[in-house]
Amino acid sequence: MTTTPNPPDSTDPRAEAQPTPPQYPQQPPAYPTGPAQPPAPPAYPVQSAPPAYPDPTAQTPPPPAYPQSPAQHAAPPVPPQPQPQPAIPPQPTTPAPLHAHHISTDQRRVYLKAHQRHTDATAFGTLLLYLPHFLSSLLVVSLVSLVSVGGLGILAWLLSGLLVIHRPTEEVIARRMLGLRHPTQEEFARLAPVWQEVAARAGVDAQNYQLWIEENDTDLNAVAAAGHIVGVTTFALNRLPNGELAAVLAHELGHHVGGHAWASLLGYWYALPARLAYRVIRFLALVTLRVAAFFSVLGFLVIALFLGLFAFATLTTLYGLPLLILAAPYALAAVGRRAELRADQHAAALGFAPMLASVLHQMYGADQAAKQQAALAARAAGTRLPKESAIAKLLATHPDHHTRLHHLQPWLQPQPPR
């Protein structure tokens, strides 16, 4: 009987001690017998053109629209933004050539004179010619004061002359009597540097005066009044180069420095009562003569004789002062013309003679053009313009064009080198 051997028991220690023999290959490895060949290089794709890169300036296509659920809100479409263009550098521009009468208004050190004002011969002459008016006004004020308030009225009238140089009173004079206004910011920005330059050349404090504007776009004019008023028209401010504007302001400053402005206003103020009394007496005399002539010729003659005797008695009592008052306008006009020449010389001495001559030529040309237009209008209407009388020339407050240019000739001639 054949028996099958029992498998080894796993718990037998002898079974664990017997290792399994290794398995070896039955045939040896095959080695290459010929010479070694290098492997072939890998094949790369041949490109016929360089790859295309995206253009940075090209607009990117919008992303594809994906379906959205009804619960989501679709965002508004974003419009394509323009691509920023490269900045073009500004081309250098040639500055516009300056006017021949342009002046520099750069700030510099200012030397102020110890005596910035004086009273020249024309100012003294103005006050002297107003003396008959002053005495006549004193008589009128005295008669009115004795009837009403007594001696205090005379004292108040005498002290009222100080209002001429009172700043608040000057405001009223500038606005009400002269029709001036304060300059705007733009006007002051143009006017102030020119005025500073004029004052610096004259050695005066520019802050002592106040600049005003006259709303006038047709006349080239300026004014100096009271003690601190300097005004120019909008035509002069906007049309003249700064050198010619400086010449106009220097002329007006000459009126202030020489005392012409305050002397004229002070004389006019103290002559006002006499002027008012003269107008009242003249009005009453004319009314009386007309009433007398209405009733009878004899009554008119009697009234005329009475008024003549009264006038003669007044002349003899006042030592002929009323006659001086009648002649005063002609003398004051002559002194005024002299004051204009002195103001021209002041502007020329500050270095503005060529600019002032140019302004005078412009004013003369404007006057001639106005006269030609008036002559043409009169010729079209079938009339003739009246010639300027000799009395009108005597009452002119400004010299003629040729006289002013003649007095500027010493400053217009080339100066010899020193």
# chains A, B, ... in the order shown; residues from 1 in each chain; ligands from 1
$ select_by_dssp --residues "stretch 209-360 of chain A" --states "helix (DSSP H, G or I)" --output "PyMOL selection string"
chain A and resi 234-239+242-257+260-295+297-317+321-360
$ residues_around --residues "A:Asp400" --least-positions-apart "5" --cutoff "12 Å" --atoms "only C-alpha atoms" --output "JSON, numbers by chain"
{"A": [337, 338, 340, 341, 360, 361, 363, 364, 367, 393, 394, 405, 406, 407]}
$ closest_residue --among "A:His401, A:Arg275, A:Arg190, A:His133" --to "A:Asn238" --atoms "only C-alpha atoms"
A:Arg190
$ residues_around --residues "stretch 116-129 of chain A" --least-positions-apart "4" --cutoff "6 Å" --atoms "only C-alpha atoms" --output "list in words"
Val204, Val257, Gly258, Gly259, His260, Ala263 and Ala339 of chain A
$ write_last_selection --atoms "all heavy atoms" --output "compact mmCIF listing (two decimals), in the first residue's frame"
# COMPACT_ATOMS: atom_id res chain seq x y z
N VAL A 204 8.08 157.96 -6.28
CA VAL A 204 6.94 158.20 -5.39
C VAL A 204 6.35 156.86 -4.98
O VAL A 204 6.59 155.82 -5.61
CB VAL A 204 5.86 159.08 -6.08
CG1 VAL A 204 6.45 160.41 -6.51
CG2 VAL A 204 5.26 158.35 -7.26
N VAL A 257 1.95 165.38 -8.96
CA VAL A 257 3.23 165.79 -8.38
C VAL A 257 3.35 167.31 -8.39
O VAL A 257 3.88 167.91 -7.44
CB VAL A 257 4.38 165.11 -9.15
CG1 VAL A 257 5.73 165.70 -8.73
CG2 VAL A 257 4.37 163.62 -8.90
N GLY A 258 2.87 167.95 -9.46
CA GLY A 258 2.96 169.40 -9.55
C GLY A 258 1.89 170.15 -8.79
O GLY A 258 1.93 171.39 -8.74
N GLY A 259 0.91 169.45 -8.20
CA GLY A 259 -0.15 170.12 -7.45
C GLY A 259 -1.27 170.65 -8.29
O GLY A 259 -2.13 171.39 -7.79
N HIS A 260 -1.32 170.29 -9.59
CA HIS A 260 -2.38 170.82 -10.45
C HIS A 260 -3.75 170.29 -10.08
O HIS A 260 -4.74 171.03 -10.13
CB HIS A 260 -2.07 170.47 -11.92
CG HIS A 260 -0.68 170.78 -12.34
ND1 HIS A 260 -0.06 170.12 -13.39
CD2 HIS A 260 0.23 171.66 -11.86
CE1 HIS A 260 1.15 170.60 -13.54
NE2 HIS A 260 1.37 171.52 -12.62
N ALA A 263 -5.12 171.75 -6.67
CA ALA A 263 -5.32 173.20 -6.77
C ALA A 263 -6.57 173.52 -7.59
O ALA A 263 -7.36 174.41 -7.22
CB ALA A 263 -4.09 173.84 -7.39
N ALA A 339 -0.29 173.86 -17.63
CA ALA A 339 -0.20 172.69 -16.76
C ALA A 339 -0.10 171.41 -17.59
O ALA A 339 0.62 170.47 -17.21
CB ALA A 339 -1.41 172.63 -15.83
$ atom_distance --atom1 "atom CA of A:Thr397" --atom2 "atom CA of A:Ala334"
7.0 Å
$ atom_distance --atom1 "atom CA of A:Leu98" --atom2 "atom CA of A:Met355"
14.3 Å
$ residues_around --residues "A:Tyr270" --least-positions-apart "2" --cutoff "10 Å" --atoms "only C-alpha atoms" --output "number ranges by chain"
A: 130-131, 133-138, 157-158, 160-161, 265-268, 272-275
$ write_last_selection --atoms "N, CA, C and O atoms" --output "mmCIF file, in the first residue's frame"
data_model
loop_
_atom_site.group_PDB
_atom_site.id
_atom_site.type_symbol
_atom_site.label_atom_id
_atom_site.label_comp_id
_atom_site.auth_asym_id
_atom_site.auth_seq_id
_atom_site.Cartn_x
_atom_site.Cartn_y
_atom_site.Cartn_z
ATOM 1 N N TYR A 130 -8.226 181.971 -8.854
ATOM 2 C CA TYR A 130 -9.476 181.660 -8.162
ATOM 3 C C TYR A 130 -9.705 182.579 -6.957
ATOM 4 O O TYR A 130 -10.745 182.451 -6.281
ATOM 5 N N LEU A 131 -8.778 183.466 -6.680
ATOM 6 C CA LEU A 131 -8.933 184.339 -5.522
ATOM 7 C C LEU A 131 -10.166 185.239 -5.623
ATOM 8 O O LEU A 131 -10.902 185.384 -4.624
ATOM 9 N N HIS A 133 -12.969 184.578 -7.094
ATOM 10 C CA HIS A 133 -14.096 183.693 -6.813
ATOM 11 C C HIS A 133 -14.192 183.403 -5.315
ATOM 12 O O HIS A 133 -15.300 183.353 -4.747
ATOM 13 N N PHE A 134 -13.043 183.192 -4.692
ATOM 14 C CA PHE A 134 -13.046 182.885 -3.267
ATOM 15 C C PHE A 134 -13.602 184.055 -2.449
ATOM 16 O O PHE A 134 -14.423 183.857 -1.538
ATOM 17 N N LEU A 135 -13.179 185.275 -2.797
ATOM 18 C CA LEU A 135 -13.670 186.436 -2.048
ATOM 19 C C LEU A 135 -15.161 186.644 -2.287
ATOM 20 O O LEU A 135 -15.914 186.982 -1.348
ATOM 21 N N SER A 136 -15.612 186.475 -3.498
ATOM 22 C CA SER A 136 -17.044 186.601 -3.773
ATOM 23 C C SER A 136 -17.836 185.525 -3.042
ATOM 24 O O SER A 136 -18.927 185.793 -2.491
ATOM 25 N N SER A 137 -17.303 184.309 -3.019
ATOM 26 C CA SER A 137 -17.981 183.241 -2.284
ATOM 27 C C SER A 137 -18.005 183.528 -0.795
ATOM 28 O O SER A 137 -18.998 183.229 -0.104
ATOM 29 N N LEU A 138 -16.919 184.094 -0.283
ATOM 30 C CA LEU A 138 -16.892 184.453 1.139
ATOM 31 C C LEU A 138 -17.966 185.482 1.462
ATOM 32 O O LEU A 138 -18.623 185.408 2.521
ATOM 33 N N TRP A 157 -17.615 176.461 6.287
ATOM 34 C CA TRP A 157 -17.321 176.533 4.852
ATOM 35 C C TRP A 157 -15.813 176.562 4.584
ATOM 36 O O TRP A 157 -15.317 175.931 3.654
ATOM 37 N N LEU A 158 -15.076 177.292 5.410
ATOM 38 C CA LEU A 158 -13.630 177.352 5.237
ATOM 39 C C LEU A 158 -12.978 175.985 5.464
ATOM 40 O O LEU A 158 -12.048 175.601 4.761
ATOM 41 N N SER A 160 -14.382 173.168 5.035
ATOM 42 C CA SER A 160 -14.887 172.154 4.100
ATOM 43 C C SER A 160 -13.906 171.876 2.970
ATOM 44 O O SER A 160 -14.007 170.850 2.297
ATOM 45 N N GLY A 161 -12.937 172.764 2.753
ATOM 46 C CA GLY A 161 -11.954 172.521 1.703
ATOM 47 C C GLY A 161 -11.073 171.318 1.974
ATOM 48 O O GLY A 161 -10.487 170.745 1.041
ATOM 49 N N LEU A 265 -9.239 171.527 -8.090
ATOM 50 C CA LEU A 265 -10.446 171.125 -7.375
ATOM 51 C C LEU A 265 -10.718 172.028 -6.181
ATOM 52 O O LEU A 265 -11.879 172.371 -5.894
ATOM 53 N N LEU A 266 -9.661 172.436 -5.475
ATOM 54 C CA LEU A 266 -9.858 173.330 -4.335
ATOM 55 C C LEU A 266 -10.387 174.686 -4.784
ATOM 56 O O LEU A 266 -11.298 175.249 -4.153
ATOM 57 N N GLY A 267 -9.834 175.221 -5.878
ATOM 58 C CA GLY A 267 -10.344 176.487 -6.390
ATOM 59 C C GLY A 267 -11.787 176.377 -6.846
ATOM 60 O O GLY A 267 -12.602 177.291 -6.604
ATOM 61 N N TYR A 268 -12.122 175.281 -7.509
ATOM 62 C CA TYR A 268 -13.501 175.091 -7.953
ATOM 63 C C TYR A 268 -14.457 174.996 -6.758
ATOM 64 O O TYR A 268 -15.569 175.539 -6.805
ATOM 65 N N LEU A 272 -17.610 177.773 -5.784
ATOM 66 C CA LEU A 272 -18.965 177.290 -6.030
ATOM 67 C C LEU A 272 -20.052 178.222 -5.478
ATOM 68 O O LEU A 272 -21.044 178.492 -6.182
ATOM 69 N N PRO A 273 -19.966 178.763 -4.248
ATOM 70 C CA PRO A 273 -21.018 179.686 -3.791
ATOM 71 C C PRO A 273 -21.158 180.915 -4.679
ATOM 72 O O PRO A 273 -22.293 181.377 -4.943
ATOM 73 N N ALA A 274 -20.041 181.481 -5.153
ATOM 74 C CA ALA A 274 -20.125 182.653 -6.032
ATOM 75 C C ALA A 274 -20.779 182.286 -7.353
ATOM 76 O O ALA A 274 -21.578 183.065 -7.906
ATOM 77 N N ARG A 275 -20.467 181.107 -7.893
ATOM 78 C CA ARG A 275 -21.088 180.688 -9.150
ATOM 79 C C ARG A 275 -22.597 180.511 -8.983
ATOM 80 O O ARG A 275 -23.384 180.926 -9.850
#
$ closest_residue --among "A:Asn242, A:Thr288, A:Ser104, A:Thr317" --to "A:Leu356" --atoms "only C-alpha atoms"
A:Asn242
$ residues_around --residues "stretch 163-170 of chain A" --least-positions-apart "2" --cutoff "9 Å" --atoms "only C-alpha atoms" --output "JSON, numbers by chain"
{"A": [159, 160, 161, 172, 173, 174, 175, 225, 226, 227, 228, 229, 262, 265, 266, 269]}
$ closest_residue --among "A:Tyr209, A:Phe188, A:Phe306, A:Phe283" --to "A:Thr234" --atoms "only C-alpha atoms"
A:Phe188
